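Taking it in order: structure first as structure tokens, then the write-up.
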Amino acid sequence: MSDILKVAIAGLGTVGVGTVKILQQHADVLAKRCGRPVNIVAISARDHNKDRGVDLSGYQWYSDAAEMARDADCDVVVELIGGSEGIAKDAVEAALNAGRHVVTANKALVAHHGTELACLAEKNGVSLNYEAAVAGGIPIIKTVREGLAGNSLSRVYGILNGTCNYILTTMRETGRDFDDVLADAQKLGYAEADPAFDIDGVDAAHKLAILASVAFGTEVDFDAVHVEGIRHINAMDIQFADELGYKIKLLGIATKVNATIEQRVHPCMVPEGAPVSTVEGVFNAVVCDGDFVDTIMQEGRGAGEGPTASAVMADVMDIARGISVPTFAVPATQLQKLPTRPMAERRGAYYVRLMLVDEPGVFADVAAALRDHEVSMEQLLQRMRDPGEAVPVVITTHDTTEADMVNALNAIAALDTVTEAPCMIRIETF
Ligand SMILES: NC(=O)c1ccc[n+]([C@@H]2O[C@H](COP(=O)([O-])OP(=O)(O)OC[C@H]3O[C@@H](n4cnc5c(N)ncnc54)[C@H](OP(=O)(O)O)[C@@H]3O)[C@@H](O)[C@H]2O)c1
């Protein structure tokens, strides 16, 4: 490695430009902290002529990011293009094969190909760093991989998608419905024009799969994540949650249970006193349970130019300082492949909202379905009366298994007096 750390950046969008700004504006302090200058030497994006608001004139331009990764005279390739396949993957593989370190913010790529890329990096004796891929500006990978390395972690969970947290927070604060708040989030730039990845839970699942691997020393297994989004949450559910002393949060939860791993992303009812329930708006938070450290929580901005570029730079600086840690905390060839714990085995309480025709005797049928599947009711709320019409009815249960709850809900959904699919939200008490 040369005295100067030579950096090539692939992708000059939100995160790429943020990274350029830090490297330009903080050049002196970065050099002091790393003991050597960290200089951009090459860049790549689609449009060479776009004004990106930063001076890029001193850097060699490549229109092919994979060619840059292979051929540029650099030590590190920073991949900030995005996507699990195509040019981003090609560029990362080209860099690793050429013996260049890689820094990426690309959660989709790491979630889908993390294990194989880690093997490739370690085979070539270089680092693959991805701090920015999980929870943006929160240094959670460094925390789990280094700060908590002396612990055995039993669970990591948190709010891993700022778009969903913004939508759920705004729905609660304003009483407005999902579609309305989503449209606003898009106008404000908190949600993409195509919001599916965020609101259907896929983005949070990418991050959870990566976190689980680092926390438990297991292969990255995105396909094992149970994923549900927030499209079905409506203003009524938010209001009932409030009345019951809960907030609704989209959480990613990874737990090691004996020799199995449970990974799930879905809306949760969280007690108002739980630390994670106080994390509002676009903020993210990650909680780790370790056997010696007990419980810690980190909170911060999970996306955006500055926070994400800050995480990218931490990774670049580790390389400049010669700090190298196994990609997922243990050597990639020693990552375990543990069985997935089925969702059917989840045990806990549930919130269920039914639209139930308001007529005598309807509760008896619902109660019978719950009894037949050994689900015990804790509370029942009905706030409206409209004889002959469907009204919302909310049930909370005592702890039961997911399998029993799902069977009971199938029986309830089949009743003539239930007019739409029940809304079920798992209650998580931390
Ligand atoms: N934005 C965030 O807050 C955030 C947070 C955490 C992680 N991330 C991750 O960071 C990565 C980048 O996100 P972003 O928001 O910065 O994306 P973005 O604003 O859409 O920028 C993507 C960049 O990639 C370039 N690009 C696209 N196709 C290319 C190709 N074939 N060859 C070379 N360059 C190409 C684009 O070039 P042009 O500019 O010329 O079109 C653009 O500069 C993604 O993996 C994302 O998941 C983003």
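By convention here, the chains of the structure tokens are called A, B, ... in the order presented, each chain's residues are numbered starting at 1, and ligands are numbered starting at 1 in the order presented.
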Give me the chain A side of the contact with ligand 1, cut-off 8 Å, one line per residue showing its nearest atom pair and distance in Å at one decimal, counting only C-alpha atoms and all ligand atoms, sorted by chain and residue number, as a tab-separated table.
residue	atom	partner	partner_atom_place_in_ligand_line	distance
A:Ala10	CA	ligand 1	34 (N)	5.8
A:Gly11	CA	ligand 1	24 (O)	3.7
A:Leu12	CA	ligand 1	43 (O)	3.4
A:Gly13	CA	ligand 1	21 (O)	3.3
A:Thr14	CA	ligand 1	16 (O)	3.7
A:Val15	CA	ligand 1	16 (O)	3.8
A:Gly16	CA	ligand 1	16 (O)	5.6
A:Val17	CA	ligand 1	16 (O)	7.6
A:Ser44	CA	ligand 1	33 (C)	5.2
A:Ala45	CA	ligand 1	34 (N)	3.2
A:Arg46	CA	ligand 1	40 (O)	3.4
A:Asp47	CA	ligand 1	40 (O)	3.7
A:His48	CA	ligand 1	40 (O)	6.6
A:Lys50	CA	ligand 1	40 (O)	6.8
A:Ser63	CA	ligand 1	33 (C)	6.4
A:Asp64	CA	ligand 1	32 (N)	5.7
A:Ala65	CA	ligand 1	33 (C)	5.1
A:Glu79	CA	ligand 1	11 (C)	7.4
A:Leu80	CA	ligand 1	12 (C)	4.2
A:Ile81	CA	ligand 1	24 (O)	3.6
A:Gly82	CA	ligand 1	45 (O)	3.2
A:Gly83	CA	ligand 1	45 (O)	6.0
A:Gly86	CA	ligand 1	31 (N)	8.0
A:Ile87	CA	ligand 1	31 (N)	5.5
A:Ala88	CA	ligand 1	30 (C)	7.5
A:Thr104	CA	ligand 1	45 (O)	7.3
A:Ala105	CA	ligand 1	10 (O)	4.4
A:Asn106	CA	ligand 1	45 (O)	3.3
A:Lys107	CA	ligand 1	47 (O)	5.7
A:Ala108	CA	ligand 1	47 (O)	6.8
A:Leu109	CA	ligand 1	45 (O)	7.6
A:Ala132	CA	ligand 1	6 (C)	5.6
A:Ala133	CA	ligand 1	7 (C)	5.0
A:Val134	CA	ligand 1	6 (C)	7.0
A:Ala135	CA	ligand 1	6 (C)	7.0
A:Gly136	CA	ligand 1	6 (C)	4.9
A:Gly302	CA	ligand 1	5 (C)	6.6
A:Ala303	CA	ligand 1	3 (O)	3.5
A:Gly304	CA	ligand 1	3 (O)	3.5
A:Glu305	CA	ligand 1	3 (O)	5.7
A:Pro307	CA	ligand 1	3 (O)	7.7
A:Thr308	CA	ligand 1	5 (C)	5.3
Please produce an output containing C-alpha atoms for each residue in the selection, written as an mmCIF file, in the first residue's frame.
data_model
loop_
_atom_site.group_PDB
_atom_site.id
_atom_site.type_symbol
_atom_site.label_atom_id
_atom_site.label_comp_id
_atom_site.auth_asym_id
_atom_site.auth_seq_id
_atom_site.Cartn_x
_atom_site.Cartn_y
_atom_site.Cartn_z
ATOM 1 C CA ALA A 10 -18.099 4.263 -7.905
ATOM 2 C CA GLY A 11 -21.399 6.120 -7.704
ATOM 3 C CA LEU A 12 -21.759 9.869 -7.188
ATOM 4 C CA GLY A 13 -25.340 10.158 -6.004
ATOM 5 C CA THR A 14 -26.510 11.077 -2.499
ATOM 6 C CA VAL A 15 -23.928 9.017 -0.621
ATOM 7 C CA GLY A 16 -21.133 9.354 -3.190
ATOM 8 C CA VAL A 17 -21.264 13.162 -3.151
ATOM 9 C CA SER A 44 -17.325 6.662 -11.881
ATOM 10 C CA ALA A 45 -21.013 7.352 -12.432
ATOM 11 C CA ARG A 46 -23.413 7.202 -15.382
ATOM 12 C CA ASP A 47 -23.452 10.848 -16.432
ATOM 13 C CA HIS A 48 -20.045 12.489 -16.784
ATOM 14 C CA LYS A 50 -23.916 16.206 -14.416
ATOM 15 C CA SER A 63 -17.651 5.443 -17.397
ATOM 16 C CA ASP A 64 -17.346 1.748 -16.473
ATOM 17 C CA ALA A 65 -17.192 1.232 -12.704
ATOM 18 C CA GLU A 79 -19.037 1.203 -4.143
ATOM 19 C CA LEU A 80 -21.982 3.596 -3.834
ATOM 20 C CA ILE A 81 -24.086 2.595 -6.823
ATOM 21 C CA GLY A 82 -26.590 0.184 -5.270
ATOM 22 C CA GLY A 83 -28.443 -2.990 -6.251
ATOM 23 C CA GLY A 86 -25.258 -5.912 -12.104
ATOM 24 C CA ILE A 87 -22.607 -3.233 -12.126
ATOM 25 C CA ALA A 88 -22.342 -2.837 -8.340
ATOM 26 C CA THR A 104 -19.777 -0.296 0.294
ATOM 27 C CA ALA A 105 -23.091 1.106 1.556
ATOM 28 C CA ASN A 106 -24.980 -1.467 -0.497
ATOM 29 C CA LYS A 107 -27.218 -3.472 1.859
ATOM 30 C CA ALA A 108 -28.918 -5.359 -0.967
ATOM 31 C CA LEU A 109 -25.563 -6.597 -2.256
ATOM 32 C CA ALA A 132 -23.112 2.346 5.980
ATOM 33 C CA ALA A 133 -25.235 -0.586 4.824
ATOM 34 C CA VAL A 134 -26.922 -0.947 8.240
ATOM 35 C CA ALA A 135 -28.657 1.950 10.000
ATOM 36 C CA GLY A 136 -26.791 4.709 8.107
ATOM 37 C CA GLY A 302 -30.366 5.873 9.376
ATOM 38 C CA ALA A 303 -30.030 7.546 5.977
ATOM 39 C CA GLY A 304 -29.202 10.745 4.134
ATOM 40 C CA GLU A 305 -26.089 12.220 2.583
ATOM 41 C CA PRO A 307 -24.913 10.282 8.099
ATOM 42 C CA THR A 308 -24.336 7.625 5.436
#
Expected answer as a PyMOL selection string: strand (DSSP E or B) residues in stretch 93-341 of chain A: chain A and resi 101-104+128-129+153-159+218+226-227+246-257+260-271+283-290+294-301+336+340
Out of A:Glu122, A:Asp71, A:Glu228, A:Asp315, which residue has the shortest atom-to-atom distance to A:Leu96 when counting only C-alpha atoms?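 Nearest candidate to A:Leu96 out of A:Glu122, A:Asp71, A:Glu228, A:Asp315: A:Glu122.
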Could you build a table of the residues in stretch 364-424 of chain A lying no more than 10 Å from stretch 235-243 of chain A, giving for each the nearest pair of atoms and their separation in Å rounded to one decimal place, using only C-alpha atoms, ordered by chain and ascending residue number, as a tab-separated table?
residue	atom	partner	partner_atom	distance
A:Leu381	CA	A:Phe240	CA	8.7
A:Arg383	CA	A:Phe240	CA	9.6
A:Pro392	CA	A:Met236	CA	8.3
A:Val393	CA	A:Phe240	CA	9.8
A:Val394	CA	A:Phe240	CA	7.8
A:Cys423	CA	A:Asp237	CA	8.5
A:Met424	CA	A:Asp237	CA	9.8
Polymer residues at most 7 Å from stretch 164-174 of chain A, only C-alpha atoms, same-chain spacing of 6 or more positions, as a PDB file with N, CA and C atoms, in the first residue's frame:
ATOM      1  N   VAL A 181     -50.103   9.843   4.344  1.00  0.00           N
ATOM      2  CA  VAL A 181     -48.797  10.142   4.948  1.00  0.00           C
ATOM      3  C   VAL A 181     -47.663   9.676   4.028  1.00  0.00           C
ATOM      4  N   LEU A 182     -47.865   8.553   3.352  1.00  0.00           N
ATOM      5  CA  LEU A 182     -46.848   8.079   2.396  1.00  0.00           C
ATOM      6  C   LEU A 182     -46.642   9.125   1.293  1.00  0.00           C
ATOM      7  N   ASP A 198     -39.005  -0.104   0.927  1.00  0.00           N
ATOM      8  CA  ASP A 198     -39.081   0.408   2.296  1.00  0.00           C
ATOM      9  C   ASP A 198     -40.347  -0.076   3.000  1.00  0.00           C
ATOM     10  N   ILE A 199     -41.516   0.206   2.398  1.00  0.00           N
ATOM     11  CA  ILE A 199     -42.754  -0.032   3.161  1.00  0.00           C
ATOM     12  C   ILE A 199     -43.138  -1.505   3.215  1.00  0.00           C
ATOM     13  N   ALA A 235     -55.220   4.013  10.364  1.00  0.00           N
ATOM     14  CA  ALA A 235     -55.310   5.005  11.448  1.00  0.00           C
ATOM     15  C   ALA A 235     -56.000   4.425  12.672  1.00  0.00           C
ATOM     16  N   ILE A 238     -53.509   2.513  14.830  1.00  0.00           N
ATOM     17  CA  ILE A 238     -52.629   3.424  15.556  1.00  0.00           C
ATOM     18  C   ILE A 238     -53.360   3.967  16.782  1.00  0.00           C
ATOM     19  N   ILE A 248     -46.909   1.540  17.493  1.00  0.00           N
ATOM     20  CA  ILE A 248     -46.634   0.553  16.441  1.00  0.00           C
ATOM     21  C   ILE A 248     -45.322   0.937  15.763  1.00  0.00           C
ATOM     22  N   LYS A 249     -44.386   0.001  15.738  1.00  0.00           N
ATOM     23  CA  LYS A 249     -43.079   0.226  15.100  1.00  0.00           C
ATOM     24  C   LYS A 249     -42.792  -0.936  14.160  1.00  0.00           C
ATOM     25  N   LEU A 250     -42.181  -0.635  13.007  1.00  0.00           N
ATOM     26  CA  LEU A 250     -41.669  -1.728  12.174  1.00  0.00           C
ATOM     27  C   LEU A 250     -40.299  -2.098  12.747  1.00  0.00           C
ATOM     28  N   GLU A 280     -38.413   8.254  17.152  1.00  0.00           N
ATOM     29  CA  GLU A 280     -39.494   8.726  16.300  1.00  0.00           C
ATOM     30  C   GLU A 280     -38.969   9.266  14.965  1.00  0.00           C
ATOM     31  N   GLY A 281     -39.911   9.509  14.052  1.00  0.00           N
ATOM     32  CA  GLY A 281     -39.585  10.134  12.770  1.00  0.00           C
ATOM     33  C   GLY A 281     -38.625   9.286  11.954  1.00  0.00           C
ATOM     34  N   VAL A 282     -37.686   9.950  11.284  1.00  0.00           N
ATOM     35  CA  VAL A 282     -36.789   9.205  10.387  1.00  0.00           C
ATOM     36  C   VAL A 282     -35.643   8.511  11.133  1.00  0.00           C
TER      37      VAL A 282
END
Could you list, as a PyMOL selection string, every residue within 12 Å of A:Ala149, counting only C-alpha atoms and ignoring same-chain residues fewer than 6 positions away? chain A and resi 141-143+214-217+288+290-293+325-326+328-330
Pick the closest to A:Gln25 from A:Val391, A:Val54, A:Ala259, A:Ile323: which is it, counting only C-alpha atoms?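 Looking only at the distances to A:Gln25, the closest residue turns out to be A:Val54.
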Backbone-only DSSP, alpha helix (DSSP H) members of stretch 39-114 of chain A, as a PDB file with C-alpha atoms, in the first residue's frame:
ATOM      1  CA  ALA A  65     -17.192   1.232 -12.704  1.00  0.00           C
ATOM      2  CA  ALA A  66     -15.949  -2.370 -13.021  1.00  0.00           C
ATOM      3  CA  GLU A  67     -13.121  -1.226 -15.289  1.00  0.00           C
ATOM      4  CA  MET A  68     -12.202   1.409 -12.694  1.00  0.00           C
ATOM      5  CA  ALA A  69     -12.254  -1.185  -9.928  1.00  0.00           C
ATOM      6  CA  ARG A  70      -9.936  -3.413 -11.943  1.00  0.00           C
ATOM      7  CA  ASP A  71      -7.607  -0.904 -13.587  1.00  0.00           C
ATOM      8  CA  ILE A  87     -22.607  -3.233 -12.126  1.00  0.00           C
ATOM      9  CA  ALA A  88     -22.342  -2.837  -8.340  1.00  0.00           C
ATOM     10  CA  LYS A  89     -21.601  -6.537  -7.862  1.00  0.00           C
ATOM     11  CA  ASP A  90     -19.306  -6.608 -10.893  1.00  0.00           C
ATOM     12  CA  ALA A  91     -17.313  -3.645  -9.560  1.00  0.00           C
ATOM     13  CA  VAL A  92     -16.998  -5.109  -6.057  1.00  0.00           C
ATOM     14  CA  GLU A  93     -15.885  -8.492  -7.374  1.00  0.00           C
ATOM     15  CA  ALA A  94     -13.431  -6.862  -9.781  1.00  0.00           C
ATOM     16  CA  ALA A  95     -11.914  -4.830  -6.948  1.00  0.00           C
ATOM     17  CA  LEU A  96     -11.576  -7.799  -4.584  1.00  0.00           C
ATOM     18  CA  ASN A  97     -10.091  -9.982  -7.319  1.00  0.00           C
ATOM     19  CA  LYS A 107     -27.218  -3.472   1.859  1.00  0.00           C
ATOM     20  CA  ALA A 108     -28.918  -5.359  -0.967  1.00  0.00           C
ATOM     21  CA  LEU A 109     -25.563  -6.597  -2.256  1.00  0.00           C
ATOM     22  CA  VAL A 110     -24.258  -7.608   1.183  1.00  0.00           C
ATOM     23  CA  ALA A 111     -27.574  -9.212   2.200  1.00  0.00           C
ATOM     24  CA  HIS A 112     -27.700 -11.347  -0.936  1.00  0.00           C
ATOM     25  CA  HIS A 113     -24.012 -12.080  -1.524  1.00  0.00           C
ATOM     26  CA  GLY A 114     -22.289 -11.214   1.776  1.00  0.00           C
TER      27      GLY A 114
END
Using only C-alpha atoms: which of A:Leu56, A:Val286, A:Ile233, A:Ala314 has the shortest distance to A:Tyr157: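 Among the listed residues, A:Val286 lies closest to A:Tyr157.
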Within 10 Å of A:Gly273 using only C-alpha atoms, minus same-chain residues under 5 positions, as number ranges by chain: A: 245-247, 278, 429-430
All residues 12 Å or closer to A:Asp294, only C-alpha atoms, same chain fewer than 4 positions away omitted, as a list in words: Leu148, Gly150, Asn151, Ser152, Leu153, Ser154, Arg155, Val156, Val287, Cys288, Asp289 and Gly290 of chain A
Which residues are near A:Gly361? Cut-off 12 Å, only C-alpha atoms, ignore same chain within fewer than 6 positions. Put them as an NGL selection string. :A and (367-368 or 417)
